[in-house]
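*Asks:* Got a structure for you, structure01.cif, holding mmCIF, C-alpha atoms and all ligand atoms.
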```
data_start
#
loop_
_atom_site.label_atom_id
_atom_site.label_comp_id
_atom_site.auth_asym_id
_atom_site.auth_seq_id
_atom_site.Cartn_x
_atom_site.Cartn_y
_atom_site.Cartn_z
CA MET V 1 0.00 0.00 0.00
CA PRO V 2 1.42 3.46 -0.86
CA ALA V 3 2.45 5.59 2.11
CA GLU V 4 -0.10 8.24 3.06
CA HIS V 5 0.97 11.84 2.49
CA SER V 6 -0.29 14.44 4.90
CA THR V 7 0.23 18.10 3.97
CA PRO V 8 1.37 20.12 6.98
CA ARG V 9 -1.22 22.62 8.18
CA PRO V 10 -0.23 26.14 6.98
CA ARG V 11 0.65 28.50 9.83
CA ILE V 12 0.10 32.16 9.00
CA ALA V 13 0.81 35.05 11.36
CA VAL V 14 -0.66 38.44 10.44
CA LEU V 15 1.25 41.44 11.76
CA GLY V 16 -1.05 44.44 12.20
CA TYR V 17 -4.75 44.65 12.94
CA GLY V 18 -5.70 47.98 11.39
CA ALA V 19 -7.71 48.60 8.23
CA MET V 20 -5.93 45.90 6.21
CA GLY V 21 -5.53 43.31 8.97
CA ARG V 22 -9.22 43.54 9.87
CA TYR V 23 -10.16 43.02 6.24
CA LEU V 24 -7.67 40.22 5.70
CA LEU V 25 -8.12 37.90 8.69
CA PRO V 26 -11.74 36.84 8.05
CA ARG V 27 -10.93 36.40 4.36
CA LEU V 28 -8.03 34.09 5.22
CA ALA V 29 -10.20 32.11 7.64
CA GLN V 30 -12.72 31.69 4.83
CA GLN V 31 -10.31 30.90 1.99
CA LEU V 32 -7.78 28.79 3.90
CA PRO V 33 -9.98 27.00 6.46
CA GLU V 34 -7.23 24.46 7.09
CA ALA V 35 -4.71 27.14 8.13
CA ALA V 36 -3.75 28.00 11.70
CA LEU V 37 -3.98 31.79 12.02
CA ALA V 38 -2.29 34.12 14.49
CA LEU V 39 -2.33 37.85 14.99
CA VAL V 40 0.74 39.77 16.15
CA LEU V 41 -0.13 42.80 18.26
CA ARG V 42 1.83 45.24 20.40
CA GLY V 43 -0.32 44.75 23.48
CA PRO V 44 -3.26 42.77 24.83
CA ALA V 45 -6.44 42.89 22.74
CA ASP V 46 -9.40 40.71 21.83
CA ALA V 47 -8.45 38.30 19.06
CA PRO V 48 -11.13 37.24 16.60
CA ALA V 49 -12.49 33.75 17.34
CA GLY V 50 -10.15 30.96 16.30
CA VAL V 51 -7.12 33.24 15.97
CA THR V 52 -4.12 32.93 18.29
CA LEU V 53 -3.01 36.22 19.79
CA LEU V 54 0.75 36.83 19.91
CA THR V 55 2.25 39.79 21.73
CA GLY V 56 5.73 40.82 20.70
CA ALA V 57 8.62 39.32 18.74
CA LYS V 58 9.40 36.35 21.00
CA ALA V 59 5.83 35.07 20.96
CA LEU V 60 5.83 35.36 17.17
CA LEU V 61 9.03 33.33 16.74
CA ASP V 62 7.94 30.75 19.33
CA TRP V 63 4.67 30.15 17.43
CA GLN V 64 6.77 29.19 14.34
CA PRO V 65 4.61 30.38 11.45
CA GLY V 66 5.56 29.40 7.92
CA LEU V 67 4.50 32.82 6.66
CA LEU V 68 4.43 36.24 8.31
CA VAL V 69 2.08 38.67 6.58
CA GLU V 70 2.97 42.25 7.42
CA CYS V 71 0.33 44.98 7.21
CA ALA V 72 1.40 47.16 10.13
CA GLY V 73 3.81 49.84 8.90
CA HIS V 74 7.50 50.62 8.50
CA GLY V 75 8.28 50.42 12.24
CA ALA V 76 6.81 46.94 12.48
CA VAL V 77 8.93 45.76 9.54
CA ARG V 78 12.06 47.07 11.24
CA GLU V 79 11.10 45.25 14.44
CA HIS V 80 9.99 41.87 13.09
CA ALA V 81 11.15 41.14 9.53
CA ALA V 82 14.86 40.34 10.04
CA PRO V 83 14.40 38.00 13.06
CA ALA V 84 11.54 36.22 11.28
CA LEU V 85 13.55 35.70 8.07
CA ARG V 86 16.53 34.51 10.08
CA ALA V 87 14.25 31.97 11.82
CA GLY V 88 13.24 30.54 8.42
CA ILE V 89 9.87 32.33 8.23
CA ASP V 90 8.87 33.75 4.81
CA VAL V 91 7.79 37.39 5.09
CA LEU V 92 5.17 39.01 2.86
CA LEU V 93 5.63 42.76 2.99
CA THR V 94 2.96 45.40 2.40
CA SER V 95 4.99 48.30 3.76
CA VAL V 96 7.34 48.08 0.78
CA GLY V 97 8.49 51.69 1.18
CA VAL V 98 10.70 50.71 4.10
CA LEU V 99 13.00 49.11 1.49
CA ALA V 100 14.04 52.61 0.41
CA ASP V 101 16.51 52.21 3.29
CA ALA V 102 19.40 50.44 1.53
CA ASP V 103 20.98 49.29 4.81
CA LEU V 104 17.75 47.64 5.91
CA ARG V 105 17.36 46.05 2.48
CA ALA V 106 20.83 44.52 2.78
CA GLN V 107 20.07 43.35 6.33
CA LEU V 108 16.85 41.66 5.19
CA ASP V 109 18.64 40.01 2.24
CA ASP V 110 21.30 38.67 4.62
CA SER V 111 18.65 37.44 7.05
CA ALA V 112 16.73 35.65 4.29
CA ARG V 113 19.92 33.98 3.10
CA ALA V 114 20.81 32.91 6.65
CA GLY V 115 17.32 31.50 7.28
CA ALA V 116 16.81 30.05 3.77
CA SER V 117 13.58 32.08 3.72
CA ARG V 118 12.00 34.56 1.30
CA LEU V 119 11.10 38.23 1.49
CA ILE V 120 8.13 38.82 -0.82
CA THR V 121 6.69 42.24 -1.69
CA VAL V 122 3.15 42.97 -2.85
CA SER V 123 2.20 45.14 -5.80
CA GLY V 124 -0.38 46.64 -3.43
CA ALA V 125 -2.44 49.57 -4.64
CA ILE V 126 -0.68 49.81 -8.02
CA GLY V 127 -0.68 47.52 -11.08
CA GLY V 128 1.41 46.96 -14.18
CA LEU V 129 4.55 45.92 -12.30
CA ASP V 130 4.83 42.71 -14.32
CA ALA V 131 5.01 44.79 -17.54
CA LEU V 132 7.48 47.20 -15.93
CA ASP V 133 9.69 44.35 -14.77
CA ALA V 134 9.59 42.76 -18.24
CA ALA V 135 10.27 46.07 -20.02
CA ARG V 136 13.33 46.61 -17.82
CA GLY V 137 15.03 43.75 -19.68
CA ALA V 138 15.45 45.89 -22.80
CA GLY V 139 16.37 49.09 -20.92
CA LEU V 140 14.09 51.81 -19.53
CA HIS V 141 14.28 55.52 -20.44
CA SER V 142 11.93 56.92 -17.79
CA VAL V 143 9.45 55.83 -15.14
CA ARG V 144 7.05 58.45 -13.81
CA TYR V 145 4.44 57.88 -11.10
CA VAL V 146 1.72 60.36 -10.10
CA GLY V 147 -0.34 59.64 -6.97
CA ARG V 148 -3.47 61.67 -6.26
CA LYS V 149 -5.59 61.31 -3.14
CA PRO V 150 -8.33 63.39 -1.51
CA PRO V 151 -6.78 66.04 0.79
CA LEU V 152 -7.64 64.33 4.10
CA ALA V 153 -5.86 61.14 3.00
CA TRP V 154 -2.66 63.21 3.44
CA SER V 155 -3.38 64.13 7.07
CA GLY V 156 -0.50 63.39 9.43
CA THR V 157 2.05 63.77 6.59
CA PRO V 158 4.44 66.63 5.72
CA ALA V 159 1.70 67.92 3.37
CA ALA V 160 -0.47 68.73 6.40
CA GLU V 161 2.25 71.05 7.69
CA ALA V 162 2.63 72.86 4.37
CA PHE V 163 -1.08 73.15 3.44
CA ASP V 164 -4.42 73.58 5.20
CA LEU V 165 -5.80 70.36 3.71
CA ALA V 166 -9.36 70.87 5.00
CA VAL V 167 -9.92 74.00 2.92
CA LEU V 168 -8.19 73.12 -0.38
CA ARG V 169 -10.30 74.10 -3.39
CA GLU V 170 -7.81 73.18 -6.16
CA PRO V 171 -5.39 70.25 -6.58
CA VAL V 172 -1.93 70.99 -5.16
CA VAL V 173 1.32 69.16 -5.79
CA ILE V 174 2.53 68.27 -2.30
CA PHE V 175 5.68 66.41 -3.37
CA SER V 176 7.97 66.13 -6.40
CA GLY V 177 11.11 64.05 -6.27
CA SER V 178 12.48 60.52 -6.34
CA ALA V 179 10.77 57.32 -5.25
CA GLY V 180 13.32 56.98 -2.44
CA GLU V 181 12.43 60.40 -1.03
CA SER V 182 8.69 59.85 -1.35
CA ALA V 183 8.77 56.41 0.28
CA ARG V 184 10.72 57.79 3.24
CA ALA V 185 8.68 60.99 3.69
CA TYR V 186 5.24 59.38 3.19
CA PRO V 187 5.52 55.95 4.84
CA LYS V 188 1.74 55.42 4.98
CA ASN V 189 0.94 56.81 1.52
CA ALA V 190 3.78 56.07 -0.89
CA ASN V 191 4.64 52.39 -0.53
CA VAL V 192 3.55 51.97 -4.14
CA THR V 193 6.42 54.23 -5.25
CA ALA V 194 8.84 51.72 -3.72
CA ALA V 195 7.12 48.82 -5.48
CA VAL V 196 7.46 50.74 -8.76
CA ALA V 197 11.12 51.52 -8.03
CA LEU V 198 11.95 47.89 -7.26
CA ALA V 199 10.30 46.65 -10.47
CA GLY V 200 11.78 49.37 -12.68
CA MET V 201 14.55 51.98 -12.48
CA GLY V 202 15.34 51.93 -8.76
CA PHE V 203 14.72 54.40 -5.95
CA GLU V 204 16.75 57.35 -7.28
CA GLN V 205 15.71 57.38 -10.95
CA THR V 206 11.97 56.77 -10.52
CA GLN V 207 10.20 60.15 -10.66
CA VAL V 208 7.31 60.76 -8.28
CA GLN V 209 4.67 63.45 -7.94
CA LEU V 210 2.08 63.38 -5.13
CA VAL V 211 -1.07 65.50 -5.30
CA ALA V 212 -3.80 66.44 -2.82
CA ASP V 213 -6.92 66.76 -4.95
CA PRO V 214 -10.23 67.98 -3.48
CA GLY V 215 -12.00 66.96 -6.69
CA ILE V 216 -11.65 63.20 -6.17
CA THR V 217 -12.96 60.62 -3.70
CA ARG V 218 -10.68 57.76 -4.73
CA ASN V 219 -6.95 57.08 -4.44
CA CYS V 220 -5.65 57.51 -8.00
CA HIS V 221 -2.38 56.13 -9.30
CA ALA V 222 -0.86 56.76 -12.73
CA LEU V 223 2.29 55.08 -14.02
CA GLU V 224 4.00 56.18 -17.23
CA VAL V 225 6.86 54.06 -18.55
CA ARG V 226 9.11 54.64 -21.55
CA GLY V 227 11.88 52.37 -22.75
CA ALA V 228 13.40 50.44 -25.65
CA PHE V 229 10.32 48.18 -25.59
CA GLY V 230 7.99 51.12 -26.39
CA GLU V 231 5.82 52.81 -23.75
CA PHE V 232 2.82 52.20 -21.53
CA ARG V 233 0.59 54.09 -19.22
CA ILE V 234 -1.63 52.61 -16.54
CA GLU V 235 -4.16 54.39 -14.32
CA LEU V 236 -6.05 53.14 -11.28
CA ALA V 237 -8.82 54.84 -9.30
CA ASN V 238 -9.03 52.85 -6.08
CA ALA V 239 -11.80 52.90 -3.51
CA PRO V 240 -10.25 53.45 -0.05
CA LEU V 241 -10.82 51.05 2.84
CA PRO V 242 -13.54 52.56 5.08
CA GLU V 243 -11.30 52.41 8.18
CA ASN V 244 -8.33 54.19 6.60
CA PRO V 245 -8.72 56.73 3.75
CA LYS V 246 -4.97 56.54 3.04
CA THR V 247 -5.21 52.85 2.12
CA SER V 248 -6.76 51.48 -1.07
CA TRP V 249 -8.96 48.42 -0.87
CA LEU V 250 -6.90 47.05 -3.79
CA ALA V 251 -3.81 46.98 -1.53
CA ALA V 252 -5.61 44.58 0.83
CA LEU V 253 -6.92 42.58 -2.13
CA SER V 254 -3.39 42.37 -3.51
CA LEU V 255 -2.16 40.97 -0.21
CA GLU V 256 -4.96 38.42 -0.21
CA ALA V 257 -4.22 37.41 -3.84
CA GLN V 258 -0.52 37.03 -3.05
CA ILE V 259 -1.32 34.73 -0.11
CA ARG V 260 -3.60 32.63 -2.33
CA GLY V 261 -0.75 32.37 -4.86
CA TYR V 262 1.73 31.47 -2.13
CA PHE V 263 -0.40 28.53 -1.02
CA GLY V 264 -1.56 27.68 -4.55
CA THR V 265 -5.20 28.15 -3.59
CA ALA V 266 -7.93 28.62 -6.19
CA VAL V 267 -9.74 31.99 -6.27
CA SER V 268 -13.07 31.87 -4.43
N1 LIG T 1 1.89 48.57 -0.71
C1 LIG T 1 0.77 49.29 -0.72
O1 LIG T 1 0.16 49.52 -1.76
C2 LIG T 1 0.26 49.83 0.57
C3 LIG T 1 0.92 49.61 1.75
N2 LIG T 1 0.43 50.08 2.93
C4 LIG T 1 1.17 49.77 4.16
O2 LIG T 1 0.36 48.96 4.98
C5 LIG T 1 0.35 49.44 6.31
C6 LIG T 1 -0.94 49.06 6.98
O3 LIG T 1 -2.03 49.72 6.37
P1 LIG T 1 -3.40 49.93 7.18
O4 LIG T 1 -3.88 48.64 7.68
O5 LIG T 1 -4.27 50.76 6.33
O6 LIG T 1 -2.87 50.81 8.39
P2 LIG T 1 -3.57 51.05 9.82
O7 LIG T 1 -2.90 52.25 10.39
O8 LIG T 1 -5.05 51.06 9.67
O9 LIG T 1 -3.17 49.74 10.65
C7 LIG T 1 -1.87 49.44 11.03
C8 LIG T 1 -1.97 48.65 12.33
O10 LIG T 1 -0.68 48.09 12.64
C9 LIG T 1 -0.48 48.25 14.05
N3 LIG T 1 0.97 48.20 14.31
C10 LIG T 1 1.89 49.16 14.07
N4 LIG T 1 3.11 48.75 14.48
C11 LIG T 1 2.95 47.50 14.99
C12 LIG T 1 3.83 46.55 15.59
N5 LIG T 1 5.13 46.82 15.74
N6 LIG T 1 3.32 45.36 16.00
C13 LIG T 1 2.01 45.07 15.84
N7 LIG T 1 1.11 45.95 15.31
C14 LIG T 1 1.58 47.15 14.88
C15 LIG T 1 -1.13 49.57 14.38
O11 LIG T 1 -1.43 49.64 15.77
C16 LIG T 1 -2.39 49.50 13.54
O12 LIG T 1 -3.44 48.86 14.21
C17 LIG T 1 0.58 50.95 6.14
O13 LIG T 1 1.17 51.51 7.29
C18 LIG T 1 1.51 51.02 4.95
O14 LIG T 1 2.86 50.92 5.40
C19 LIG T 1 -0.76 50.77 2.97
C20 LIG T 1 -1.44 51.01 1.82
C21 LIG T 1 -1.00 50.57 0.52
O1 LIG T 2 -3.26 52.54 -0.74
C1 LIG T 2 -2.83 53.37 -1.55
O2 LIG T 2 -3.55 53.93 -2.40
C2 LIG T 2 -1.37 53.70 -1.61
C3 LIG T 2 -0.72 53.78 -0.29
O3 LIG T 2 -1.30 54.16 0.70
C4 LIG T 2 0.71 53.44 -0.22
O4 LIG T 2 1.30 53.16 -1.27
O5 LIG T 2 1.25 53.44 0.88
#
```
Let's see the structure in the file written out as structure tokens.
Ligand SMILES: NC(=O)C1=CN([C@@H]2O[C@H](COP(=O)(O)OP(=O)(O)OC[C@H]3O[C@@H](n4cnc5c(N)ncnc54)[C@H](O)[C@@H]3O)[C@@H](O)[C@H]2O)C=CC1
Ligand SMILES: O=C([O-])CC(=O)C(=O)O

*Replies:*
Amino acid sequence: MPAEHSTPRPRIAVLGYGAMGRYLLPRLAQQLPEAALALVLRGPADAPAGVTLLTGAKALLDWQPGLLVECAGHGAVREHAAPALRAGIDVLLTSVGVLADADLRAQLDDSARAGASRLITVSGAIGGLDALDAARGAGLHSVRYVGRKPPLAWSGTPAAEAFDLAVLREPVVIFSGSAGESARAYPKNANVTAAVALAGMGFEQTQVQLVADPGITRNCHALEVRGAFGEFRIELANAPLPENPKTSWLAALSLEAQIRGYFGTAVS
């Protein structure tokens, strides 16, 4: 009789229980009913039914997930990603902008090598990165990204110090510069610029403009790419998640799709 094969039960820890984490956890429970799920928080809180609550880095490592899904912010990546990778845990990163820090990027690469694990980034709220990555093979001439969001989506950022966002009547350009600068200055709004940089011309050569636009209700992203291959332009107008106007629903959907792909699960 052939030996029976039993697939190990996937163990997924979700880091962050804000707008994205709250969307994601029930979806994972529904789509991967066989998975053991945990939630990494900074302090005590009520975990959703059936989800193990982990407080702090040691509890996370002791639980031994196969995959750590980060949707918590740049600080949380700095705290958890390297130790997790070193412990052999694959890390799926939503806060891609933190990789604008070249030292951290090198540290995470070293940690992944040491732990034989993988650091995976999401495309998040933007699209077209597969085409950008492919086009890079023949040489790129320019990559330009323009991000427009309603004024209050920029609250708590440097734009709120420079402009009275609540009374804007016309669109204003709040930032022009490189993807590296934008990802560092707008850690909760410009992770997509890092994803574009990583797929294309890098953090210094990718041009970024950010706009506060009182005439829109969605988070709009435009990507314009020119190279030896030809050129393309892609535009997205994303509905925000109700709990966080800075964050597009598509970013959470992208995370969910990436997890499905990771486990080879059919779309449902
Ligand atoms: N790649 C992309 O397209 C996008 C990426 N993002 C990234 O995703 C992150 C999460 O987005 P949202 O859920 O909308 O933000 P949110 O602010 O609604 O939720 C973040 C949650 O993480 C928690 N948190 C922060 N540090 C933590 C730590 N060290 N340990 C455990 N929990 C911690 C916070 O308390 C909060 O509950 C953003 O900060 C941003 O970096 C957001 C939007 C798009
Ligand atoms: O969700 C979005 O529209 C983009 C975003 O916040 C980010 O890239 O950090």

*Asks:* Nearest to Leu32 (chain V) among V:Asp109, V:Glu256, V:Glu70, V:Glu235, with distances taken over all atoms listed in the file: which residue is it?

*Replies:*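 Of the candidates, the smallest distance to Leu32 (chain V) is held by V:Glu256.
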
*Asks:* Which residues are close to Leu92 (chain V), i.e. within 12 Å by all atoms listed in the file, leaving aside same-chain residues fewer than 5 positions away? Reply as an MDAnalysis selection string.

*Replies:* chainID V and resid 12:15 66:72 77 80:81 84:85 117:124 254:259 261:262

*Asks:* Could you give me, as CSV, every chain V residue with an atom at most 9 Å from ligand LIG 2 (chain T), plus its closest atom pair and distance in Å to one decimal, counting all atoms listed in the file, rows ordered by chain then number?

*Replies:*
```
residue,atom,partner,partner_atom,distance
V:Thr94,CA,T:LIG2,O5,8.4
V:Ser95,CA,T:LIG2,O5,7.0
V:Val96,CA,T:LIG2,O5,8.1
V:Gly97,CA,T:LIG2,O5,7.5
V:Gly124,CA,T:LIG2,O4,7.1
V:Ala125,CA,T:LIG2,C1,4.9
V:Ile126,CA,T:LIG2,C2,7.5
V:Gly147,CA,T:LIG2,O2,8.0
V:Arg148,CA,T:LIG2,O2,8.6
V:Lys149,CA,T:LIG2,O2,7.7
V:Ala153,CA,T:LIG2,O3,8.6
V:Ala183,CA,T:LIG2,O5,8.1
V:Tyr186,CA,T:LIG2,O5,7.5
V:Pro187,CA,T:LIG2,O5,6.3
V:Lys188,CA,T:LIG2,O5,4.6
V:Asn189,CA,T:LIG2,O5,3.4
V:Ala190,CA,T:LIG2,O4,3.8
V:Asn191,CA,T:LIG2,O4,3.5
V:Val192,CA,T:LIG2,O4,3.8
V:Thr193,CA,T:LIG2,O4,6.6
V:Ala194,CA,T:LIG2,O4,8.1
V:Ala195,CA,T:LIG2,O4,8.4
V:Arg218,CA,T:LIG2,O2,8.4
V:Asn219,CA,T:LIG2,O2,5.1
V:Cys220,CA,T:LIG2,O2,7.0
V:His221,CA,T:LIG2,O2,7.3
V:Ala237,CA,T:LIG2,O2,8.7
V:Asn238,CA,T:LIG2,O2,6.7
V:Ala239,CA,T:LIG2,O2,8.4
V:Pro240,CA,T:LIG2,O1,7.1
V:Leu241,CA,T:LIG2,O1,8.5
V:Pro245,CA,T:LIG2,O1,8.2
V:Lys246,CA,T:LIG2,O3,5.0
V:Thr247,CA,T:LIG2,O1,3.5
V:Ser248,CA,T:LIG2,O1,3.7
V:Trp249,CA,T:LIG2,O1,7.0
V:Leu250,CA,T:LIG2,O1,7.3
V:Ala251,CA,T:LIG2,O1,5.6
V:Ala252,CA,T:LIG2,O1,8.4
```

*Asks:* Any chance you can output those residues with C-alpha atoms as an mmCIF file, in the frame of the given file?

*Replies:*
```cif
data_model
loop_
_atom_site.group_PDB
_atom_site.id
_atom_site.type_symbol
_atom_site.label_atom_id
_atom_site.label_comp_id
_atom_site.auth_asym_id
_atom_site.auth_seq_id
_atom_site.Cartn_x
_atom_site.Cartn_y
_atom_site.Cartn_z
ATOM 1 C CA THR V 94 2.960 45.400 2.400
ATOM 2 C CA SER V 95 4.990 48.300 3.760
ATOM 3 C CA VAL V 96 7.340 48.080 0.780
ATOM 4 C CA GLY V 97 8.490 51.690 1.180
ATOM 5 C CA GLY V 124 -0.380 46.640 -3.430
ATOM 6 C CA ALA V 125 -2.440 49.570 -4.640
ATOM 7 C CA ILE V 126 -0.680 49.810 -8.020
ATOM 8 C CA GLY V 147 -0.340 59.640 -6.970
ATOM 9 C CA ARG V 148 -3.470 61.670 -6.260
ATOM 10 C CA LYS V 149 -5.590 61.310 -3.140
ATOM 11 C CA ALA V 153 -5.860 61.140 3.000
ATOM 12 C CA ALA V 183 8.770 56.410 0.280
ATOM 13 C CA TYR V 186 5.240 59.380 3.190
ATOM 14 C CA PRO V 187 5.520 55.950 4.840
ATOM 15 C CA LYS V 188 1.740 55.420 4.980
ATOM 16 C CA ASN V 189 0.940 56.810 1.520
ATOM 17 C CA ALA V 190 3.780 56.070 -0.890
ATOM 18 C CA ASN V 191 4.640 52.390 -0.530
ATOM 19 C CA VAL V 192 3.550 51.970 -4.140
ATOM 20 C CA THR V 193 6.420 54.230 -5.250
ATOM 21 C CA ALA V 194 8.840 51.720 -3.720
ATOM 22 C CA ALA V 195 7.120 48.820 -5.480
ATOM 23 C CA ARG V 218 -10.680 57.760 -4.730
ATOM 24 C CA ASN V 219 -6.950 57.080 -4.440
ATOM 25 C CA CYS V 220 -5.650 57.510 -8.000
ATOM 26 C CA HIS V 221 -2.380 56.130 -9.300
ATOM 27 C CA ALA V 237 -8.820 54.840 -9.300
ATOM 28 C CA ASN V 238 -9.030 52.850 -6.080
ATOM 29 C CA ALA V 239 -11.800 52.900 -3.510
ATOM 30 C CA PRO V 240 -10.250 53.450 -0.050
ATOM 31 C CA LEU V 241 -10.820 51.050 2.840
ATOM 32 C CA PRO V 245 -8.720 56.730 3.750
ATOM 33 C CA LYS V 246 -4.970 56.540 3.040
ATOM 34 C CA THR V 247 -5.210 52.850 2.120
ATOM 35 C CA SER V 248 -6.760 51.480 -1.070
ATOM 36 C CA TRP V 249 -8.960 48.420 -0.870
ATOM 37 C CA LEU V 250 -6.900 47.050 -3.790
ATOM 38 C CA ALA V 251 -3.810 46.980 -1.530
ATOM 39 C CA ALA V 252 -5.610 44.580 0.830
#
```

*Asks:* Out of V:Arg22, V:Leu39, V:Ala185, V:Phe203, which residue has the shortest atom-to-atom distance to Thr52 (chain V) when counting only C-alpha atoms?

*Replies:*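 The closest residue to Thr52 (chain V) is V:Leu39.
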
*Asks:* Distance CA of Leu41 (chain V)-atom O14 of ligand LIG 1 (chain T), one decimal place?

*Replies:*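 Interatomic distance, CA of Leu41 (chain V) to atom O14 of ligand LIG 1 (chain T): 15.5 Å.
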
*Asks:* Can you work out which one of V:Leu25, V:Ala76, V:Ala35, V:Ile174 has the shortest atom-to-atom distance to ligand LIG 1 (chain T), counting all atoms listed in the file?

*Replies:* V:Ala76

*Asks:* Using Å and a single decimal, report how far CA of Met20 (chain V) sits from atom P1 of ligand LIG 1 (chain T).

*Replies:* 4.9 Å

*Asks:* Return the padded bounding box of ligand LIG 1 (chain T) as JSON: axis-aligned, built from all atoms listed in the file, 8 Å added on each side, with centre and edge lengths in Å to one decimal.

*Replies:*
```
{"center_x": 0.0, "center_y": 48.7, "center_z": 7.1, "size_x": 26.2, "size_y": 23.2, "size_z": 33.8}
```

*Asks:* Write out as a list in words the residues lying within 12 Å of region 163-170 of chain V, counting all atoms listed in the file and excluding same-chain residues fewer than 3 positions away.

*Replies:*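 Once the nearby chain positions are removed, what remains is Lys149, Pro150, Pro151, Leu152, Ala153, Trp154, Ser155, Gly156, Thr157, Pro158, Ala159, Ala160, Val173, Ile174, Phe175, Val211, Ala212, Asp213, Pro214, Gly215 and Ile216 of chain V.
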
*Asks:* One decimal, in Å: what's the spacing between atom C11 of ligand LIG 1 (chain T) and CA of Ala57 (chain V)?

*Replies:*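 Calculated distance between atom C11 of ligand LIG 1 (chain T) and CA of Ala57 (chain V) is 10.6 Å.
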
*Asks:* Rank nothing, just name the residue among V:Val196, V:Ala87, V:Val225, V:Leu104 nearest to ligand LIG 1 (chain T), using all atoms listed in the file.

*Replies:*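 Among V:Val196, V:Ala87, V:Val225, V:Leu104, it is V:Val196 that comes nearest to ligand LIG 1 (chain T).
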
*Asks:* Between V:Gly16, V:Gly177, V:Gly128, V:Pro44, which is the closest to ligand LIG 1 (chain T) once you count only C-alpha atoms and all ligand atoms?

*Replies:*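 Checking each candidate against ligand LIG 1 (chain T), we get V:Gly16 as the closest.
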
*Asks:* Pick out the closest residue to Arg11 (chain V) from this set: V:Leu24, V:Ser111, V:Asp133, V:Phe263. Count only C-alpha atoms.

*Replies:*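 So, comparing all the options, the nearest one is V:Phe263.
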
*Asks:* Fewer than 3 positions away in the same chain doesn't count, so skip those; otherwise give me all residues within 6 Å of Leu132 (chain V), counting all atoms listed in the file, as a ChimeraX atom specification.

*Replies:* /V:129,135,200

*Asks:* Do you know which residues are at most 7 Å from Val208 (chain V) counting only C-alpha atoms, after dropping those on the same chain fewer than 6 positions away, and could you put them as a VMD selection string?

*Replies:* chain V and resid 144 to 146 176 to 179

*Asks:* Show me, as a list in words, the residues that have an atom within 7 Å of region 137-141 of chain V when counting all atoms listed in the file, minus same-chain residues fewer than 4 positions from it.

*Replies:*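 Those residues are Arg226, Gly227, Ala228 and Phe229 of chain V.
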
*Asks:* Once N, CA and C atoms are restored for region 16-27 of chain V, what would the output be as a short mmCIF file (atom, residue, chain, number, x, y, z; two decimals), in the frame of the given file?

*Replies:*
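Writing done, so here's result.cif:
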```cif
data_model
loop_
_atom_site.label_atom_id
_atom_site.label_comp_id
_atom_site.auth_asym_id
_atom_site.auth_seq_id
_atom_site.Cartn_x
_atom_site.Cartn_y
_atom_site.Cartn_z
N GLY V 16 -0.28 43.21 12.40
CA GLY V 16 -1.05 44.44 12.20
C GLY V 16 -2.53 44.14 12.12
N TYR V 17 -3.31 44.86 12.92
CA TYR V 17 -4.75 44.65 12.94
C TYR V 17 -5.45 46.00 12.80
N GLY V 18 -5.04 46.72 11.73
CA GLY V 18 -5.70 47.98 11.39
C GLY V 18 -6.65 47.73 10.23
N ALA V 19 -6.75 48.70 9.34
CA ALA V 19 -7.71 48.60 8.23
C ALA V 19 -7.46 47.33 7.41
N MET V 20 -6.22 47.07 7.05
CA MET V 20 -5.93 45.90 6.21
C MET V 20 -6.06 44.59 6.98
N GLY V 21 -5.49 44.54 8.17
CA GLY V 21 -5.53 43.31 8.97
C GLY V 21 -6.96 42.88 9.26
N ARG V 22 -7.81 43.86 9.56
CA ARG V 22 -9.22 43.54 9.87
C ARG V 22 -9.97 43.04 8.65
N TYR V 23 -9.57 43.53 7.47
CA TYR V 23 -10.16 43.02 6.24
C TYR V 23 -9.64 41.60 5.97
N LEU V 24 -8.34 41.44 6.16
CA LEU V 24 -7.67 40.22 5.70
C LEU V 24 -7.99 38.97 6.53
N LEU V 25 -8.00 39.11 7.84
CA LEU V 25 -8.12 37.90 8.69
C LEU V 25 -9.36 37.06 8.40
N PRO V 26 -10.57 37.67 8.37
CA PRO V 26 -11.74 36.84 8.05
C PRO V 26 -11.67 36.23 6.66
N ARG V 27 -11.07 36.95 5.72
CA ARG V 27 -10.93 36.40 4.36
C ARG V 27 -10.01 35.17 4.38
#
```
